[in-house]
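Student: Have a look at this one.
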Amino acid sequence: MWLWCTLVTISYPAAAYELLNKVGPAVYIGHSQGGAEIYTILKSHPDIRFAAAISVEGGNCPDVADVALWKNIPFMYLTGDYRDPPANCPAFIDALNASGGKGTSLYLPSIGILGNDHMMMMDKNSDQVAQVVVDWIEKNVPGAK
């Protein structure tokens with residue numbers, strides 16, 4: 001069993017840590033600043049119970065130097081055509097996958113999904129975007145099916 005936990009605007013790593021310790025391993029999906037907070041939370045609490053982490057247009061990907069923190073946490077960085085994927089994502093994703101982890105940087109136009117702005121969960125094709133996220137979770141998170 002898995003819990004899909006969307007924490008969009010948590011600014012306090014301790015609060016996220018406390019919540020995930022109560023509910024158990026969860027898929028963290030953060031949008032914009034909420035996506036950028038994933039890295040702060042993990043660096044502050046490396047023993048946090050993420051089942052996976054998804055950053056939707058959340059600034060940059062984590063630093064390659066921090067790849068060891070991510071080895072056991074499937075990670076996806078999702079971008080629509082509002083902006084290009086962050087320049088540091090390919091290096092981080094390659095390093096994570098080379099370490100035995102699971103990393104994906106997905107630019108929606110590269111799979112034919114167009115017309116998404118920064119608030120892709122509110123766009124007319126939001127169901128299509130959500131299905132991409134669900135499919136990724138089912139493929140990459142143990143026990144998610």
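By convention in this document, the chains of the structure tokens carry letters A, B, ... by their order, each chain's residues are numbered from 1, and ligands are numbered from 1 in the order they are shown.
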Give me the residues within 10 Å of Cys89 (chain A) as a PyMOL selection string, counting only C-alpha atoms and dropping any in the same chain fewer than 5 places off.
Tutor: chain A and resi 60-64+76-77+94-95+103-106
Student: Restricted to C-alpha atoms, what would the selected residues look like written as an mmCIF file, in the first residue's frame?
Tutor:
data_model
loop_
_atom_site.group_PDB
_atom_site.id
_atom_site.type_symbol
_atom_site.label_atom_id
_atom_site.label_comp_id
_atom_site.auth_asym_id
_atom_site.auth_seq_id
_atom_site.Cartn_x
_atom_site.Cartn_y
_atom_site.Cartn_z
ATOM 1 C CA ASN A 60 16.712 23.177 -10.165
ATOM 2 C CA CYS A 61 17.413 19.486 -9.718
ATOM 3 C CA PRO A 62 19.405 18.477 -6.633
ATOM 4 C CA ASP A 63 23.188 18.862 -6.706
ATOM 5 C CA VAL A 64 25.207 15.940 -8.038
ATOM 6 C CA MET A 76 11.297 12.831 -11.014
ATOM 7 C CA TYR A 77 11.637 16.428 -12.146
ATOM 8 C CA ASP A 94 22.736 10.467 -14.806
ATOM 9 C CA ALA A 95 24.615 10.359 -11.491
ATOM 10 C CA GLY A 103 15.902 9.344 -11.607
ATOM 11 C CA THR A 104 13.869 10.944 -14.379
ATOM 12 C CA SER A 105 13.770 14.437 -15.807
ATOM 13 C CA LEU A 106 10.641 14.643 -17.927
#
Student: Residues within 9 Å of Gly59 (chain A), please, as a tab-separated table (two decimals) with N, CA and C atoms, in the first residue's frame. Count only C-alpha atoms; anything in the same chain fewer than 3 positions from it doesn't count.
Tutor:
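selection.tsv written:
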chain	number	residue	atom	x	y	z
A	32	SER	N	6.53	24.04	-7.79
A	32	SER	CA	7.22	25.31	-7.70
A	32	SER	C	8.06	25.37	-6.42
A	33	GLN	N	7.79	26.29	-5.52
A	33	GLN	CA	8.56	26.36	-4.28
A	33	GLN	C	8.43	25.07	-3.47
A	35	GLY	N	8.24	22.15	-4.68
A	35	GLY	CA	9.17	21.20	-5.29
A	35	GLY	C	10.60	21.48	-4.89
A	36	ALA	N	10.93	22.75	-4.79
A	36	ALA	CA	12.29	23.12	-4.38
A	36	ALA	C	12.55	22.75	-2.92
A	55	SER	N	9.26	16.69	-8.23
A	55	SER	CA	9.32	18.14	-8.24
A	55	SER	C	8.73	18.63	-9.55
A	56	VAL	N	7.62	19.36	-9.46
A	56	VAL	CA	6.96	19.91	-10.64
A	56	VAL	C	7.39	21.37	-10.77
A	86	PRO	N	15.73	22.39	-16.08
A	86	PRO	CA	16.93	23.01	-15.51
A	86	PRO	C	18.20	22.40	-16.10
Student: Go through A:Leu78, A:Val129, A:Met119, A:Val67 and flag the residue nearest Ser99 (chain A), using only C-alpha atoms for the distances.
Tutor: A:Val67
Student: Find the residues near His118 (chain A): any atom within 10 Å, counting only C-alpha atoms, skip ones fewer than 5 places away on the same chain, and give them as a VMD selection string.
Tutor: chain A and resid 31 to 32 56 to 58 79 to 83 123
Student: One decimal, in Å: what's the spacing between CA of Gly24 (chain A) and CA of Trp136 (chain A)?
Tutor: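 Those two atoms sit 20.2 Å apart.
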Student: Among chain A, which ones does DSSP assign to strand (DSSP E or B) (computed from the backbone)? Answer as a list in words.
Tutor: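 The residues of chain A classed as strand (DSSP E or B) are Leu3, Trp4, Cys5, Thr6, Ala26, Val27, Tyr28, Ile29, Gly30, His31, Phe50, Ala51, Ala52, Ala53, Ile54, Ser55, Val56, Phe75, Met76, Tyr77, Leu78, Thr79, Gly103, Thr104, Ser105, Leu106 and Tyr107 of chain A.
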Student: Limited to C-alpha atoms, could you put the picked residues into a file as a short mmCIF file (atom, residue, chain, number, x, y, z; two decimals), in the first residue's frame?
Tutor:
data_model
loop_
_atom_site.label_atom_id
_atom_site.label_comp_id
_atom_site.auth_asym_id
_atom_site.auth_seq_id
_atom_site.Cartn_x
_atom_site.Cartn_y
_atom_site.Cartn_z
CA LEU A 3 0.07 7.02 0.14
CA TRP A 4 0.21 9.81 -2.37
CA CYS A 5 0.90 12.90 -0.30
CA THR A 6 0.89 16.29 -1.98
CA ALA A 26 4.74 8.70 0.95
CA VAL A 27 5.20 10.07 -2.53
CA TYR A 28 5.97 13.77 -2.09
CA ILE A 29 4.76 15.89 -5.00
CA GLY A 30 5.80 19.50 -4.73
CA HIS A 31 5.00 22.27 -7.16
CA PHE A 50 9.95 9.41 1.16
CA ALA A 51 8.60 6.60 -1.05
CA ALA A 52 9.44 8.92 -3.96
CA ALA A 53 9.81 12.62 -4.66
CA ILE A 54 8.40 14.53 -7.62
CA SER A 55 9.32 18.14 -8.24
CA VAL A 56 6.96 19.91 -10.64
CA PHE A 75 12.99 11.06 -8.13
CA MET A 76 11.30 12.83 -11.01
CA TYR A 77 11.64 16.43 -12.15
CA LEU A 78 8.65 17.40 -14.32
CA THR A 79 8.57 20.39 -16.66
CA GLY A 103 15.90 9.34 -11.61
CA THR A 104 13.87 10.94 -14.38
CA SER A 105 13.77 14.44 -15.81
CA LEU A 106 10.64 14.64 -17.93
CA TYR A 107 9.95 17.55 -20.28
#
Student: Just the residues within 9 Å of Glu18 (chain A), please, counting only C-alpha atoms, with nothing from its chain fewer than 5 positions along; format it as a list in words.
Tutor: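 In the requested format, the answer is Pro13, Val23 and Ile48 of chain A.
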Student: Write the residues of the preceding selection, restricted to N, CA and C atoms, as an mmCIF file, in the first residue's frame.
Tutor:
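File produced: again14.cif:
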data_model
loop_
_atom_site.group_PDB
_atom_site.id
_atom_site.type_symbol
_atom_site.label_atom_id
_atom_site.label_comp_id
_atom_site.auth_asym_id
_atom_site.auth_seq_id
_atom_site.Cartn_x
_atom_site.Cartn_y
_atom_site.Cartn_z
ATOM 1 N N PRO A 13 11.040 22.196 6.942
ATOM 2 C CA PRO A 13 11.461 20.799 6.839
ATOM 3 C C PRO A 13 11.027 19.949 8.024
ATOM 4 N N VAL A 23 2.671 9.274 8.833
ATOM 5 C CA VAL A 23 1.886 8.557 7.808
ATOM 6 C C VAL A 23 2.674 7.429 7.158
ATOM 7 N N ILE A 48 14.329 10.814 6.366
ATOM 8 C CA ILE A 48 12.904 11.011 6.103
ATOM 9 C C ILE A 48 12.362 9.856 5.260
#
Student: From a DSSP calculation on the backbone, collect every residue of region 6-110 of chain A in alpha helix (DSSP H) and output the set as number ranges by chain.
Tutor: A: 13-23, 33-44, 67-70, 89-98
Student: Between CA of Pro74 (chain A) and CA of Asn21 (chain A), measure the distance and give it in Å to one decimal.
Tutor: 18.1 Å
